[in-house]
Each structure stands twice: as C-alpha cells, then as structure tokens.
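Below: one structure, written as structure tokens.
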Amino acid sequence: MTHVSAWALAGALDRALLKQLRVLLCGIDPVPPAVLMAASSLGQRIVPSRRVMANTVLIG
Amino acid sequence: MEVDTRPGAAELLRAAELGDRAAWRELVARHTPTVWAVARSHRLDRADAADVVQNTWLSLLENMNRIHDPAALAAWLATTARRHSLRLLAARRRETPADEARLDLAEADAADVAVLRDVRDGVLWRAFTQLSEHCQRVLRVVVHSPELSYQQVATALGIPIGSIGPTRGRCLAELRRKASLSGLFREDAR
C-alpha cells in the first residue's frame, strides 16, 4: 500500500500553516534537553543482535 | 526540490540493533519530538511526558528485533507513546482525587507565552490555545510528524481514520480564522 503522509494531502496554504505551527510549538513546548539525553543514553544498553526474521522457520 | 539524503528509519534501526550508538542517537533526535507531542496531546505535564518518552524508547529497546516494518518506526513509536500515556493517565486517576487533578496543559503553558519571540507568534499561539482540545491534540501530532499517514495519526491518537482529514482541515481553518481576527493572515481571510 502506498504511504501518503498527512502533510502531503494538505494544500499549500495548510502546509505553510502547519510549518509555522511546528516552529511555534517546538519553540514553546520543546523537548527538554535532559529528556533527549536520557533517551540517547539508553543506547548504551543495546546488546548487538541479529534481527529475528519473521518468516524464518527453524528446522531441527 | 529538496532531497533528503539522510539514512531512513529502517537503516538507522538496523544499525542501532547492531550496536551503532550514533544511529540510536539519531533515531532519538529525529523521533522524540513526535513521542513528546503524542504525550503532551494527552494533556500530560512535562514530567509525565518525560516518563512517557523514556518508557517509549525503552519499549523500542526491548522490541527492536521484533519491529515488522522498520520504515514505519515513527508510527510504531507514536502508537507506543499513546499506550504509555494512557497507562500513566489511568495511574494518575487512581492516585489523584478529581479535585486535585493536574494542571491543564494550556494553563500550564500560559506562562510560556511571555517568552514568545514576537507578536505574530503570540497571536498564533493564543489562537491555537483557543481551539478545542480535540483540534489541539490532532494538530500537535500532525505538525510534529510530517511523515505519518492519516492511518498512523489515527492509530496514535485512537480516533477514527475518517475523521483525521476533515479534522485537520477544519482545525486549521478555525486556527486561521481566530488568528485573522487578531490581524494575522489578513490576506488569507479576504
């Protein structure tokens, strides 16, 4: 199925307003740096692994 | 036309799974605003929204090798953030009497208006806060997640897909009308 974003379906005027609103909301209600840092630091917990293939059938 | 040459979510996720911390940091930087927007659209205060962000990324960490469609990672994160938000809201309702309910998001953010860069932003922000709660929820998620489809926005917010397009159009029209009353978008209102 083709993925069409909500923004792509908006007209030019609406897209311009969405962009303006995005800048505004990011300025007023930004993600606190500490929150970003905490989420970034979770990467240290990653144990390198191989992807489990959904269609793989293990035999034996 | 601008061409985005950055690695896609699927590529970053694969790299992160293999232990590439830079890829993980890039995923976090790219998608946390969406997770944050979903949490805030559920009227959670900043501390609770921060918990939702942390729990959502923890969920990804635990399920990294089970994401069926890595290209749709933003939608997976948005949906997971919604689940964590609802769980937190339910817990809060159990532990907080109704008359001591948490501050309304719009009220909590009212003080922030003081730091708005200019009058234009102030007008737009006031118009935004005058929109219905439903409009604010939908717009918060849509503006922060340009890549999400209607289906994905609907899933993230728990509302029917058929209502996303009309709601987006109606809410933006309402936002434009309210801002026009204060002098913004005068040219559009004619």
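If you're wondering about the labels, chains in the structure tokens are A, B, ... by order shown, residues count from 1 in each chain, ligands from 1 in order shown.
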Each chain B residue no farther than 8 Å from chain A, nearest pair in Å, only C-alpha atoms, as a Markdown table:
| residue | atom | partner | partner_atom | distance |
| --- | --- | --- | --- | --- |
| B:Arg14 | CA | A:Arg51 | CA | 8.0 |
| B:Ala16 | CA | A:Ile46 | CA | 7.7 |
| B:Glu17 | CA | A:Pro48 | CA | 5.6 |
| B:Leu18 | CA | A:Pro48 | CA | 4.3 |
| B:Gly19 | CA | A:Pro48 | CA | 4.7 |
| B:Arg21 | CA | A:Gly43 | CA | 5.7 |
| B:Trp24 | CA | A:Gly43 | CA | 5.9 |
| B:Arg25 | CA | A:Ser40 | CA | 5.1 |
| B:Val28 | CA | A:Ser40 | CA | 6.1 |
| B:Ala29 | CA | A:Leu36 | CA | 7.0 |
| B:Thr32 | CA | A:Leu36 | CA | 7.2 |
| B:Pro33 | CA | A:Val31 | CA | 6.3 |
| B:Trp36 | CA | A:Val31 | CA | 6.6 |
| B:Ala50 | CA | A:Val35 | CA | 5.9 |
| B:Val53 | CA | A:Ala39 | CA | 7.4 |
| B:Gln54 | CA | A:Ala39 | CA | 5.8 |
| B:Trp57 | CA | A:Ala39 | CA | 6.5 |
| B:Leu58 | CA | A:Leu42 | CA | 7.3 |
| B:Leu61 | CA | A:Ile46 | CA | 7.0 |
| B:Asn65 | CA | A:Arg51 | CA | 4.9 |
| B:Arg66 | CA | A:Val52 | CA | 6.7 |
| B:His68 | CA | A:Ala54 | CA | 7.4 |
| B:Asp109 | CA | A:Ile28 | CA | 7.9 |
| B:Asp112 | CA | A:Ile28 | CA | 6.4 |
| B:Val113 | CA | A:Ile28 | CA | 7.5 |
| B:Val115 | CA | A:Ile28 | CA | 7.8 |
| B:Leu116 | CA | A:Ile28 | CA | 7.2 |
| B:Asp121 | CA | A:Leu24 | CA | 6.7 |
| B:Leu124 | CA | A:Leu21 | CA | 7.8 |
| B:Trp125 | CA | A:Leu24 | CA | 7.4 |
| B:Arg140 | CA | A:Leu25 | CA | 7.9 |
| B:Val142 | CA | A:Ala6 | CA | 7.1 |
| B:Val143 | CA | A:Arg22 | CA | 5.2 |
| B:His144 | CA | A:Arg22 | CA | 6.3 |
| B:Pro146 | CA | A:Trp7 | CA | 5.5 |
| B:Glu147 | CA | A:Ser5 | CA | 5.1 |
| B:Leu148 | CA | A:Ser5 | CA | 5.1 |
| B:Ser149 | CA | A:Ser5 | CA | 4.1 |
| B:Tyr150 | CA | A:Ala6 | CA | 5.4 |
| B:Gly165 | CA | A:Ala6 | CA | 7.7 |
| B:Gly169 | CA | A:Asp14 | CA | 7.7 |
| B:Leu172 | CA | A:Asp14 | CA | 6.8 |
Take the residues from that selection and put them in a file with N, CA and C atoms, as a CSV table (one decimal), in the first residue's frame.
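And here's again-v4.csv as it stands now:
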chain,number,residue,atom,x,y,z
B,14,ARG,N,18.3,-0.7,11.9
B,14,ARG,CA,19.2,-1.9,11.7
B,14,ARG,C,20.6,-1.6,12.3
B,16,ALA,N,21.4,0.5,14.7
B,16,ALA,CA,21.3,0.6,16.1
B,16,ALA,C,21.2,-0.8,16.7
B,17,GLU,N,20.5,-1.7,16.1
B,17,GLU,CA,20.4,-3.1,16.5
B,17,GLU,C,21.8,-3.8,16.6
B,18,LEU,N,22.6,-3.3,15.7
B,18,LEU,CA,24.0,-3.9,15.6
B,18,LEU,C,24.9,-3.2,16.6
B,19,GLY,N,24.4,-2.3,17.4
B,19,GLY,CA,25.2,-1.7,18.4
B,19,GLY,C,25.7,-0.3,18.0
B,21,ARG,N,25.7,3.2,18.3
B,21,ARG,CA,25.1,4.2,19.2
B,21,ARG,C,24.8,5.5,18.5
B,24,TRP,N,21.5,5.1,17.1
B,24,TRP,CA,20.4,5.2,18.1
B,24,TRP,C,20.2,6.7,18.5
B,25,ARG,N,21.3,7.4,18.6
B,25,ARG,CA,21.1,8.9,19.0
B,25,ARG,C,20.4,9.6,17.9
B,28,VAL,N,16.7,8.8,18.2
B,28,VAL,CA,16.2,9.6,19.3
B,28,VAL,C,16.0,11.0,18.9
B,29,ALA,N,17.0,11.6,18.3
B,29,ALA,CA,16.9,13.1,17.9
B,29,ALA,C,15.8,13.3,16.9
B,32,THR,N,12.0,11.8,18.8
B,32,THR,CA,11.5,12.2,20.2
B,32,THR,C,10.5,13.3,20.1
B,33,PRO,N,10.6,14.3,19.2
B,33,PRO,CA,9.6,15.3,19.1
B,33,PRO,C,8.2,14.7,18.9
B,36,TRP,N,7.1,13.1,22.2
B,36,TRP,CA,6.7,14.2,23.1
B,36,TRP,C,5.4,14.8,22.7
B,50,ALA,N,7.9,13.4,30.0
B,50,ALA,CA,9.3,12.9,30.0
B,50,ALA,C,9.3,11.4,30.4
B,53,VAL,N,8.3,9.5,27.3
B,53,VAL,CA,9.4,9.4,26.3
B,53,VAL,C,10.3,8.3,26.7
B,54,GLN,N,10.7,8.3,27.9
B,54,GLN,CA,11.7,7.3,28.4
B,54,GLN,C,11.1,5.9,28.2
B,57,TRP,N,11.0,4.8,24.5
B,57,TRP,CA,12.3,4.3,23.9
B,57,TRP,C,12.8,3.0,24.6
B,58,LEU,N,12.4,2.8,25.8
B,58,LEU,CA,12.7,1.5,26.5
B,58,LEU,C,12.0,0.4,25.8
B,61,LEU,N,13.7,-0.4,22.7
B,61,LEU,CA,14.9,-1.2,23.1
B,61,LEU,C,14.6,-2.7,23.3
B,65,ASN,N,14.2,-6.0,17.7
B,65,ASN,CA,14.3,-7.1,16.6
B,65,ASN,C,12.9,-7.7,16.3
B,66,ARG,N,11.9,-7.0,16.8
B,66,ARG,CA,10.5,-7.5,16.5
B,66,ARG,C,9.7,-6.5,15.8
B,68,HIS,N,8.1,-5.2,12.8
B,68,HIS,CA,7.8,-5.9,11.5
B,68,HIS,C,8.1,-4.9,10.3
B,109,ASP,N,1.0,26.1,30.1
B,109,ASP,CA,1.8,26.7,29.1
B,109,ASP,C,1.6,28.2,29.0
B,112,ASP,N,4.4,30.4,29.3
B,112,ASP,CA,5.4,30.4,28.3
B,112,ASP,C,5.1,31.5,27.2
B,113,VAL,N,3.9,31.9,27.2
B,113,VAL,CA,3.6,33.0,26.2
B,113,VAL,C,4.5,34.1,26.3
B,115,VAL,N,7.5,34.2,26.7
B,115,VAL,CA,8.8,34.0,26.0
B,115,VAL,C,8.7,34.0,24.5
B,116,LEU,N,7.5,34.2,24.0
B,116,LEU,CA,7.3,34.1,22.6
B,116,LEU,C,8.1,35.2,21.9
B,121,ASP,N,3.9,35.4,16.7
B,121,ASP,CA,3.9,34.1,17.3
B,121,ASP,C,2.8,34.1,18.5
B,124,LEU,N,-0.6,33.7,17.0
B,124,LEU,CA,-0.9,32.3,16.6
B,124,LEU,C,-1.0,31.4,17.8
B,125,TRP,N,-0.2,31.6,18.8
B,125,TRP,CA,-0.3,30.7,20.0
B,125,TRP,C,-1.6,30.9,20.7
B,140,ARG,N,-1.2,18.9,17.2
B,140,ARG,CA,0.1,18.7,17.8
B,140,ARG,C,0.8,17.5,17.2
B,142,VAL,N,0.1,16.0,14.2
B,142,VAL,CA,0.3,16.2,12.8
B,142,VAL,C,1.5,17.1,12.5
B,143,VAL,N,1.6,18.2,13.3
B,143,VAL,CA,2.7,19.1,13.0
B,143,VAL,C,4.1,18.5,13.3
B,144,HIS,N,4.1,17.7,14.3
B,144,HIS,CA,5.4,17.1,14.7
B,144,HIS,C,5.8,15.9,13.9
B,146,PRO,N,5.4,14.9,10.2
B,146,PRO,CA,5.0,15.1,8.8
B,146,PRO,C,5.0,13.8,8.1
B,147,GLU,N,5.7,12.8,8.5
B,147,GLU,CA,5.8,11.6,7.7
B,147,GLU,C,4.6,10.6,8.0
B,148,LEU,N,3.9,10.9,9.1
B,148,LEU,CA,2.8,9.9,9.4
B,148,LEU,C,1.6,10.1,8.4
B,149,SER,N,1.0,8.9,8.1
B,149,SER,CA,-0.2,8.9,7.3
B,149,SER,C,-1.4,9.2,8.1
B,150,TYR,N,-2.5,9.4,7.5
B,150,TYR,CA,-3.8,9.5,8.3
B,150,TYR,C,-4.0,8.3,9.2
B,165,GLY,N,-8.6,13.7,8.2
B,165,GLY,CA,-8.5,14.7,7.2
B,165,GLY,C,-9.5,15.9,7.4
B,169,GLY,N,-8.4,19.8,8.4
B,169,GLY,CA,-8.8,20.9,7.6
B,169,GLY,C,-9.6,21.9,8.4
B,172,LEU,N,-7.4,23.7,11.1
B,172,LEU,CA,-6.5,24.7,10.5
B,172,LEU,C,-7.3,26.0,10.1
- Message: So that I can see what lies close to Leu88 of chain B, please list as a list in words the residues with an atom at most 8 Å from it, counting only C-alpha atoms and leaving out residues fewer than 4 positions away in the same chain.
- Response: Asp48, Val52, His84 and Arg92 of chain B
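Between atom CA of Arg94 of chain B and atom CA of Gly158 of chain B there is a distance of 21.6 Å.
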- Message: One decimal, in Å: what's the spacing between atom CA of Thr80 of chain B and atom CA of Ser41 of chain B?
- Response: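 We find that atom CA of Thr80 of chain B and atom CA of Ser41 of chain B lie 13.8 Å from each other.
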- Message: Between atom CA of Ala179 of chain B and atom CA of Ala127 of chain B, what distance in Å does the model show, to one decimal?
- Response: 5.4 Å
- Task: Give me every alpha helix (DSSP H) residue in chain B, going by DSSP on the backbone, as a PyMOL selection string.
- Result: chain B and resi 9-17+21-41+46-63+73-95+105-110+119-129+133-144+150-157+164-181+186-189
